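This is model-v3.txt. It holds compact mmCIF, C-alpha atoms and all ligand atoms.
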# COMPACT_ATOMS: atom_id res chain seq x y z
CA MET A 1 90.47 111.59 98.49
CA ILE A 2 92.27 109.60 101.14
CA VAL A 3 94.86 111.56 103.05
CA LYS A 4 97.89 109.52 104.04
CA SER A 5 100.13 110.62 106.87
CA ALA A 6 103.82 111.32 106.36
CA ASN A 7 104.70 108.07 108.15
CA ILE A 8 102.40 106.02 105.91
CA ASN A 9 103.99 107.60 102.85
CA VAL A 10 107.45 106.72 104.18
CA MET A 11 106.41 103.10 104.82
CA MET A 12 104.75 102.69 101.42
CA GLY A 13 107.68 104.28 99.62
CA ALA A 14 110.13 101.95 101.36
CA ALA A 15 107.99 98.87 100.65
CA ARG A 16 107.52 99.70 96.96
CA LYS A 17 111.19 100.44 96.45
CA ALA A 18 112.35 97.25 98.16
CA ALA A 19 109.72 95.19 96.31
CA ARG A 20 111.30 95.92 92.93
CA GLY A 21 114.37 93.86 93.77
CA LEU A 22 112.25 91.19 95.42
CA LEU A 23 110.17 90.72 92.27
CA ARG A 24 113.29 90.41 90.13
CA ASP A 25 114.64 87.83 92.55
CA PHE A 26 111.36 85.88 92.49
CA GLY A 27 111.80 85.45 88.75
CA GLU A 28 115.30 84.14 89.35
CA VAL A 29 114.09 81.65 91.99
CA GLU A 30 111.80 80.02 89.44
CA GLN A 31 114.87 79.29 87.29
CA LEU A 32 116.82 77.94 90.27
CA GLN A 33 114.20 75.33 91.25
CA VAL A 34 115.57 72.93 88.72
CA SER A 35 119.26 73.57 89.39
CA GLN A 36 121.33 71.13 91.47
CA LYS A 37 122.14 73.66 94.15
CA GLY A 38 118.55 74.88 94.54
CA PRO A 39 117.55 78.43 95.44
CA GLY A 40 118.27 78.29 99.23
CA ASP A 41 121.32 80.57 99.45
CA PHE A 42 119.94 82.87 96.80
CA VAL A 43 116.71 83.39 98.76
CA THR A 44 118.63 84.09 101.99
CA ALA A 45 120.62 86.74 100.11
CA ALA A 46 117.42 88.18 98.58
CA ASP A 47 115.85 88.40 102.04
CA HIS A 48 118.86 90.35 103.34
CA ARG A 49 118.86 92.66 100.31
CA VAL A 50 115.22 93.59 100.94
CA GLU A 51 115.90 94.25 104.60
CA LYS A 52 118.89 96.43 103.75
CA ALA A 53 116.82 98.47 101.29
CA LEU A 54 113.98 98.92 103.81
CA ARG A 55 116.35 99.87 106.59
CA ALA A 56 118.05 102.49 104.42
CA GLU A 57 114.74 104.11 103.41
CA LEU A 58 113.21 104.06 106.90
CA THR A 59 116.35 105.40 108.57
CA LYS A 60 116.77 108.12 105.95
CA ALA A 61 113.24 109.37 106.62
CA ARG A 62 113.19 108.90 110.41
CA PRO A 63 116.79 108.82 111.66
CA ASP A 64 115.80 108.72 115.33
CA TYR A 65 113.30 105.86 115.31
CA GLY A 66 114.39 102.46 116.60
CA LEU A 67 114.16 99.36 114.44
CA LEU A 68 113.30 95.73 115.01
CA LEU A 69 114.30 93.80 111.90
CA GLU A 70 113.85 90.06 111.47
CA GLU A 71 117.36 89.52 110.12
CA SER A 72 119.37 92.25 111.90
CA GLY A 73 117.54 92.30 115.24
CA HIS A 74 116.92 95.30 117.46
CA ILE A 75 118.58 98.62 116.69
CA GLU A 76 117.94 101.19 119.35
CA GLY A 77 117.02 104.72 118.25
CA LYS A 78 117.45 108.08 119.96
CA ASP A 79 113.67 108.27 120.08
CA PRO A 80 112.61 105.75 122.75
CA HIS A 81 108.93 105.88 121.76
CA ASN A 82 108.86 104.91 118.07
CA MET A 83 110.06 101.68 116.49
CA TRP A 84 109.76 100.26 112.98
CA VAL A 85 109.05 96.53 113.13
CA VAL A 86 109.99 94.92 109.83
CA ASP A 87 109.59 91.55 108.15
CA PRO A 88 111.43 92.00 104.84
CA LEU A 89 110.04 88.80 103.36
CA ASP A 90 107.09 87.08 104.98
CA GLY A 91 106.29 83.78 103.33
CA THR A 92 109.91 82.74 102.77
CA THR A 93 109.01 79.08 102.29
CA ASN A 94 106.52 80.06 99.58
CA PHE A 95 109.12 82.29 97.93
CA LEU A 96 111.69 79.51 98.08
CA HIS A 97 109.29 77.14 96.33
CA SER A 98 108.10 79.69 93.74
CA ILE A 99 104.65 79.83 95.32
CA PRO A 100 103.34 83.32 94.53
CA HIS A 101 102.24 84.38 98.00
CA PHE A 102 104.56 86.54 100.09
CA ALA A 103 104.78 90.09 101.40
CA ILE A 104 106.86 92.86 102.89
CA SER A 105 105.56 94.04 106.26
CA ILE A 106 106.38 97.26 108.11
CA GLY A 107 104.74 98.13 111.41
CA LEU A 108 105.18 101.27 113.45
CA VAL A 109 105.01 100.56 117.17
CA ARG A 110 104.66 103.54 119.51
CA ASN A 111 105.19 102.94 123.22
CA GLY A 112 104.58 99.24 122.70
CA GLU A 113 101.40 99.61 120.63
CA PRO A 114 101.13 99.12 116.86
CA ILE A 115 99.83 102.44 115.48
CA ALA A 116 100.49 102.09 111.76
CA GLY A 117 101.16 99.26 109.35
CA VAL A 118 101.85 98.52 105.73
CA ILE A 119 101.75 95.01 104.23
CA TYR A 120 102.66 94.94 100.56
CA GLN A 121 102.07 91.95 98.33
CA PRO A 122 104.11 92.83 95.25
CA LEU A 123 102.76 90.15 92.91
CA THR A 124 99.20 91.42 93.18
CA ASP A 125 100.28 95.02 93.79
CA GLU A 126 98.08 95.11 96.89
CA MET A 127 99.21 97.67 99.43
CA PHE A 128 97.35 96.95 102.68
CA TRP A 129 97.73 99.82 105.13
CA ALA A 130 96.22 101.28 108.25
CA GLU A 131 96.84 103.96 110.79
CA LYS A 132 95.28 104.30 114.22
CA GLY A 133 92.10 106.34 114.00
CA SER A 134 92.20 106.62 110.19
CA GLY A 135 90.88 103.23 109.06
CA ALA A 136 92.33 100.38 107.02
CA PHE A 137 92.75 100.28 103.25
CA VAL A 138 93.99 98.22 100.35
CA ASN A 139 95.46 100.65 97.85
CA ASP A 140 92.78 103.39 97.88
CA ARG A 141 89.86 101.20 98.94
CA ARG A 142 88.59 101.19 102.48
CA LEU A 143 88.64 97.83 104.25
CA ARG A 144 86.09 96.35 106.56
CA VAL A 145 86.16 92.91 108.19
CA SER A 146 83.58 90.45 106.87
CA ALA A 147 80.01 90.59 108.13
CA ARG A 148 79.59 86.80 108.47
CA ARG A 149 78.17 85.87 111.85
CA LYS A 150 77.97 82.10 111.61
CA MET A 151 80.96 79.95 112.43
CA GLU A 152 79.76 77.33 109.96
CA GLU A 153 80.15 79.89 107.15
CA ALA A 154 83.57 81.07 108.26
CA VAL A 155 86.91 80.55 106.54
CA ILE A 156 89.73 80.61 109.06
CA ALA A 157 93.42 81.02 108.23
CA THR A 158 96.13 79.50 110.37
CA GLY A 159 99.82 78.68 110.53
CA ILE A 160 100.81 75.05 111.06
CA PRO A 161 103.84 74.61 113.31
CA HIS A 162 106.70 73.08 111.37
CA GLN A 163 110.16 71.76 112.36
CA GLY A 164 111.26 73.19 115.66
CA ARG A 165 108.10 75.26 116.24
CA PRO A 166 106.40 75.18 119.64
CA GLN A 167 103.28 73.32 120.77
CA PRO A 168 102.39 71.06 117.81
CA LYS A 169 100.05 68.99 120.02
CA ARG A 170 98.21 72.06 121.19
CA PHE A 171 97.81 73.10 117.57
CA LEU A 172 96.38 69.71 116.56
CA GLY A 173 93.77 69.96 119.30
CA GLN A 174 92.79 73.42 118.10
CA LEU A 175 92.70 72.30 114.48
CA GLU A 176 90.32 69.48 115.28
CA LYS A 177 87.88 71.86 116.93
CA VAL A 178 88.02 74.54 114.24
CA MET A 179 87.83 72.15 111.29
CA GLY A 180 84.64 70.61 112.62
CA ALA A 181 82.96 73.95 113.19
CA THR A 182 83.80 76.04 110.11
CA SER A 183 83.45 75.93 106.34
CA GLY A 184 87.20 75.74 105.79
CA ILE A 185 90.72 76.29 107.06
CA ARG A 186 93.51 77.83 104.97
CA ARG A 187 97.27 77.61 105.45
CA PHE A 188 98.52 80.31 103.06
CA GLY A 189 102.06 80.56 104.45
CA ALA A 190 102.44 84.26 105.23
CA ALA A 191 101.11 85.41 108.59
CA THR A 192 101.21 89.09 107.63
CA LEU A 193 98.86 88.40 104.72
CA ASP A 194 96.65 86.18 106.87
CA LEU A 195 95.99 89.21 109.06
CA ALA A 196 95.59 91.50 106.05
CA TYR A 197 93.02 89.05 104.64
CA VAL A 198 91.03 89.15 107.90
CA ALA A 199 91.07 92.96 107.62
CA ALA A 200 89.92 92.67 104.00
CA GLY A 201 87.03 90.35 104.89
CA ARG A 202 88.49 87.48 102.85
CA CYS A 203 88.76 85.30 105.96
CA GLU A 204 86.66 85.57 109.11
CA GLY A 205 89.55 84.74 111.42
CA PHE A 206 93.16 83.68 111.90
CA TRP A 207 95.17 82.03 114.64
CA GLU A 208 98.76 80.95 115.10
CA ILE A 209 101.08 80.01 117.96
CA GLY A 210 104.67 81.24 118.29
CA LEU A 211 104.75 84.25 115.96
CA GLN A 212 107.27 87.07 116.19
CA PRO A 213 106.55 90.81 116.45
CA TRP A 214 107.50 91.38 112.78
CA ASP A 215 104.89 88.80 111.71
CA ILE A 216 102.04 90.65 113.40
CA ALA A 217 102.83 94.31 114.22
CA ALA A 218 101.42 95.70 110.96
CA GLY A 219 98.59 93.14 110.78
CA ILE A 220 97.28 93.94 114.27
CA ILE A 221 96.57 97.57 113.42
CA LEU A 222 95.11 96.57 110.04
CA VAL A 223 92.57 94.20 111.60
CA ARG A 224 91.67 96.63 114.37
CA GLU A 225 91.20 99.56 112.00
CA ALA A 226 89.03 97.37 109.77
CA GLY A 227 86.69 96.79 112.72
CA GLY A 228 88.03 93.41 113.86
CA TYR A 229 89.76 92.16 116.98
CA VAL A 230 93.19 90.71 117.67
CA SER A 231 94.11 89.20 121.01
CA ASP A 232 96.44 86.80 122.72
CA LEU A 233 95.27 83.17 122.51
CA ASP A 234 95.24 82.82 126.29
CA GLY A 235 93.37 86.07 126.69
CA ASN A 236 95.75 87.73 129.11
CA ALA A 237 98.97 88.92 127.46
CA ASN A 238 99.68 91.47 124.76
CA PRO A 239 99.58 89.49 121.46
CA LEU A 240 102.58 91.44 120.17
CA GLU A 241 104.62 90.09 123.06
CA SER A 242 103.24 86.56 123.38
CA GLY A 243 103.15 85.82 119.63
CA ASN A 244 100.12 83.57 120.20
CA VAL A 245 97.50 85.33 118.19
CA VAL A 246 93.82 85.04 117.40
CA ALA A 247 92.16 87.54 115.08
CA GLY A 248 88.62 87.74 113.84
CA ASN A 249 85.75 89.86 112.68
CA ASP A 250 83.61 91.54 115.31
CA HIS A 251 81.12 88.63 115.45
CA LEU A 252 83.43 85.63 115.37
CA HIS A 253 86.56 86.71 117.25
CA ALA A 254 85.13 85.86 120.68
CA PRO A 255 83.69 82.43 119.77
CA LEU A 256 86.87 81.52 117.86
CA ALA A 257 89.05 82.58 120.81
CA ALA A 258 86.85 80.49 123.15
CA MET A 259 87.15 77.46 120.86
CA LEU A 260 90.95 77.75 120.79
CA LYS A 261 91.39 77.94 124.57
C1 LIG B 1 106.52 82.71 108.59
C2 LIG B 1 105.20 82.87 107.89
C3 LIG B 1 104.31 81.68 108.13
C4 LIG B 1 104.10 81.41 109.59
C5 LIG B 1 105.44 81.26 110.30
C6 LIG B 1 106.30 82.50 110.05
P1 LIG B 1 108.66 83.89 107.43
O1 LIG B 1 107.34 83.86 108.43
O2 LIG B 1 104.54 84.03 108.31
O3 LIG B 1 103.03 81.86 107.57
O4 LIG B 1 103.36 80.24 109.76
O5 LIG B 1 105.19 81.12 111.67
O6 LIG B 1 107.54 82.32 110.70
O7 LIG B 1 109.65 82.97 108.04
O8 LIG B 1 108.19 83.46 106.11
O9 LIG B 1 109.04 85.33 107.53
CA CA B 2 107.44 86.24 108.98
CA CA B 3 110.67 86.76 107.07
Could you take the file, read its structure, and then write that structure out as structure tokens?
Amino acid sequence: MIVKSANINVMMGAARKAARGLLRDFGEVEQLQVSQKGPGDFVTAADHRVEKALRAELTKARPDYGLLLEESGHIEGKDPHNMWVVDPLDGTTNFLHSIPHFAISIGLVRNGEPIAGVIYQPLTDEMFWAEKGSGAFVNDRRLRVSARRKMEEAVIATGIPHQGRPQPKRFLGQLEKVMGATSGIRRFGAATLDLAYVAAGRCEGFWEIGLQPWDIAAGIILVREAGGYVSDLDGNANPLESGNVVAGNDHLHAPLAAMLK
């Protein structure tokens, strides 16, 4: 039997509870696609509802922890060491277009380091979770990064910069190198799940420029606990701070990072 810590149980409980409303809203969005007004405002409201539900659950369980929430920003806690880092809806563009690929992500950052994470994909009921020193799991199954060693066999996930995102030219240069060297690139549209998929061995690697802490806090600990590596694209900064991230299995992280330089 897998023993989950109290914090993991709090994070999973919050994610499952908030996901119920999110699933109902996803059904509604499908109806709204064909309406004149479109689902834009409705999705913004749904996003805020999820965040509110998560915030209530996390604060109830750990009143002193700080919070960093995508929509509400930083809320300082009495406890200066522990902070929940929350993306209530990762994959908003997918959600908005009724593409069934999105997640709720909750990371726990202690003294600047991600030490626990939960990424919940409600449509597949996959609860990806990890805690420092305890391993990474999806539901009750242990995760391990893929064993592929050859770049030509690798599938690499990425995020393509869109309107207003930084460094599109740099990205195109990277894309050209990676597409010529691997067996495929995927743009799934939810960075939290991209990292969870690296942890689960579904992809050999992932990179993206310009991410935010809530996109990666939970995913970093998942990949690391599954035996993979996550670093800053330029190799010097903390990826949580720079937001320029490269992740990979133990064989391909280094060559992928070198290719992206
Ligand atoms: C976005 C997704 C997407 C990534 C973007 C993120 P959001 O988050 O994770 O995959 O490419 O950089 O901003 O806006 O859906 O929470
Ligand atoms: Ca996000
Ligand atoms: Ca989001």
Would you mind reading off the distance between CA of Gly66 (chain A) and CA of Ala136 (chain A), one decimal, in Å?
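Taking CA of Gly66 (chain A) as the start and CA of Ala136 (chain A) as the end point, the length is 24.1 Å.
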Got a sec: who's within 7 Å of region 81-83 of chain A, counting only C-alpha atoms, leaving out chain neighbours fewer than 5 positions off, as a tab-separated table (two decimals) with C-alpha atoms, in the frame of the given file?
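result30.tsv written:
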chain	number	residue	atom	x	y	z
A	65	TYR	CA	113.30	105.86	115.31
A	66	GLY	CA	114.39	102.46	116.60
A	67	LEU	CA	114.16	99.36	114.44
A	68	LEU	CA	113.30	95.73	115.01
A	108	LEU	CA	105.18	101.27	113.45
A	109	VAL	CA	105.01	100.56	117.17
A	110	ARG	CA	104.66	103.54	119.51
A	111	ASN	CA	105.19	102.94	123.22
With region 185-204 of chain A as the partner and 9 Å as the cut-off, tabulate the residues of region 97-146 of chain A that qualify, each row holding the nearest pair of atoms and their distance in Å to one decimal, using only C-alpha atoms, sorted by chain and rising number, as a Markdown table.
| residue | atom | partner | partner_atom | distance |
| --- | --- | --- | --- | --- |
| A:His101 | CA | A:Ala190 | CA | 7.2 |
| A:Phe102 | CA | A:Ala190 | CA | 6.0 |
| A:Ala103 | CA | A:Leu193 | CA | 7.0 |
| A:Ile104 | CA | A:Thr192 | CA | 8.3 |
| A:Ser105 | CA | A:Thr192 | CA | 6.7 |
| A:Ile119 | CA | A:Thr192 | CA | 6.8 |
| A:Tyr120 | CA | A:Leu193 | CA | 8.6 |
| A:Gln121 | CA | A:Leu193 | CA | 8.0 |
| A:Phe128 | CA | A:Ala196 | CA | 6.6 |
| A:Trp129 | CA | A:Ala196 | CA | 8.6 |
| A:Ala136 | CA | A:Ala199 | CA | 7.6 |
| A:Phe137 | CA | A:Ala200 | CA | 8.2 |
| A:Val138 | CA | A:Ala200 | CA | 7.8 |
| A:Arg142 | CA | A:Ala200 | CA | 8.8 |
| A:Leu143 | CA | A:Ala200 | CA | 5.3 |
| A:Arg144 | CA | A:Ala200 | CA | 5.9 |
| A:Val145 | CA | A:Gly201 | CA | 4.3 |
| A:Ser146 | CA | A:Gly201 | CA | 4.0 |
Env. residues ligand CA 2 (chain B) / 6 Å / all atoms listed in the file / as a list of chain:residue names:
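For ligand CA 2 (chain B), the residues inside 6 Å are A:Asp87, A:Asp90, A:Asp215.
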Identify which of the residues A:Asp250, A:Asp41, A:Asp64, A:Glu70 lies closest to ligand LIG 1 (chain B), counting all atoms listed in the file when measuring atom-to-atom distances.
A:Glu70
Using all atoms listed in the file, find the one residue out of A:Met151, A:Leu58, A:Ala157, A:Leu211 that sits nearest to ligand CA 3 (chain B).
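Comparing A:Met151, A:Leu58, A:Ala157, A:Leu211 against ligand CA 3 (chain B), the winner is A:Leu211.
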Hey, can you check how far CA of Gly210 (chain A) sits from CA of Pro166 (chain A)?
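A separation of 6.4 Å between them.
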Nearest candidate to ligand LIG 1 (chain B) (options A:Ser134, A:Asn94, A:Ser183, A:Gln167; using all atoms listed in the file)
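Nearest to ligand LIG 1 (chain B): A:Asn94.
Counting from CA of His253 (chain A), the distance to CA of Arg141 (chain A) is 23.6 Å.
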Exercise: Ile8 (chain A) partners within 9 Å, only C-alpha atoms, chain neighbours under 6 positions left out, as a list in words
Ala116, Gly117, Val118, Trp129, Ala130 and Glu131 of chain A
Between A:Val34, A:Ile216, A:Ala53, A:Ile106, single out the one closest to ligand LIG 1 (chain B), counting all atoms listed in the file.
A:Ile216
Check the smallest atom-to-atom distance from each of A:Ala154, A:Val29, A:Val245, A:Leu233 to ligand LIG 1 (chain B) using only C-alpha atoms and all ligand atoms, then report the winner.
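Ranking A:Ala154, A:Val29, A:Val245, A:Leu233 by distance to ligand LIG 1 (chain B), first place goes to A:Val245.
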With all atoms listed in the file as the atoms that count, which of A:Asp47, A:Glu225, A:Glu176, A:Glu153 lies nearest to Leu252 (chain A)?
A:Glu153
From (113.6, 94.2, 102.7), in the file's coordinates, out to 6 Å: which residues are reached, counting only C-alpha atoms? Answer as JSON, numbers by chain.
{"A": [18, 49, 50, 51, 52, 53, 54, 88]}
Sort by chain and increasing residue number a table of all residues of region 181-235 of chain A within 9 Å of region 255-259 of chain A, each with its closest pair of atoms and their distance in Å to one decimal, counting only C-alpha atoms, and write it as a tab-separated table.
residue	atom	partner	partner_atom	distance
A:Gly205	CA	A:Leu256	CA	7.7
A:Phe206	CA	A:Leu256	CA	8.9
A:Trp207	CA	A:Ala257	CA	8.7
A:Ser231	CA	A:Ala257	CA	8.3
A:Asp232	CA	A:Ala257	CA	8.7
A:Leu233	CA	A:Ala257	CA	6.5
A:Asp234	CA	A:Ala257	CA	8.3
A:Gly235	CA	A:Ala257	CA	8.1
C-alpha atoms of the current selection, written as a compact mmCIF listing (two decimals), keeping the file's coordinate frame:
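Writing the result to result-v3.txt gives the following:
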# COMPACT_ATOMS: atom_id res chain seq x y z
CA GLY A 205 89.55 84.74 111.42
CA PHE A 206 93.16 83.68 111.90
CA TRP A 207 95.17 82.03 114.64
CA SER A 231 94.11 89.20 121.01
CA ASP A 232 96.44 86.80 122.72
CA LEU A 233 95.27 83.17 122.51
CA ASP A 234 95.24 82.82 126.29
CA GLY A 235 93.37 86.07 126.69
Non-local contacts of Gly27 (chain A) (12 Å; all atoms listed in the file; under 2 positions in same chain excluded) as a compact mmCIF listing (two decimals) with C-alpha atoms, in the frame of the given file:
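Result file is part-v7.txt:
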# COMPACT_ATOMS: atom_id res chain seq x y z
CA ARG A 20 111.30 95.92 92.93
CA GLY A 21 114.37 93.86 93.77
CA LEU A 22 112.25 91.19 95.42
CA LEU A 23 110.17 90.72 92.27
CA ARG A 24 113.29 90.41 90.13
CA ASP A 25 114.64 87.83 92.55
CA VAL A 29 114.09 81.65 91.99
CA GLU A 30 111.80 80.02 89.44
CA GLN A 31 114.87 79.29 87.29
CA LEU A 32 116.82 77.94 90.27
CA GLN A 33 114.20 75.33 91.25
CA PRO A 39 117.55 78.43 95.44
CA PHE A 42 119.94 82.87 96.80
CA VAL A 43 116.71 83.39 98.76
CA ALA A 46 117.42 88.18 98.58
CA PHE A 95 109.12 82.29 97.93
CA LEU A 96 111.69 79.51 98.08
CA HIS A 97 109.29 77.14 96.33
CA SER A 98 108.10 79.69 93.74
CA ILE A 99 104.65 79.83 95.32
CA PRO A 100 103.34 83.32 94.53
CA LEU A 123 102.76 90.15 92.91
Residues within 6 Å of Ala217 (chain A), please, as number ranges by chain. Count all atoms listed in the file; anything in the same chain fewer than 4 positions from it doesn't count.
A: 107, 114, 213
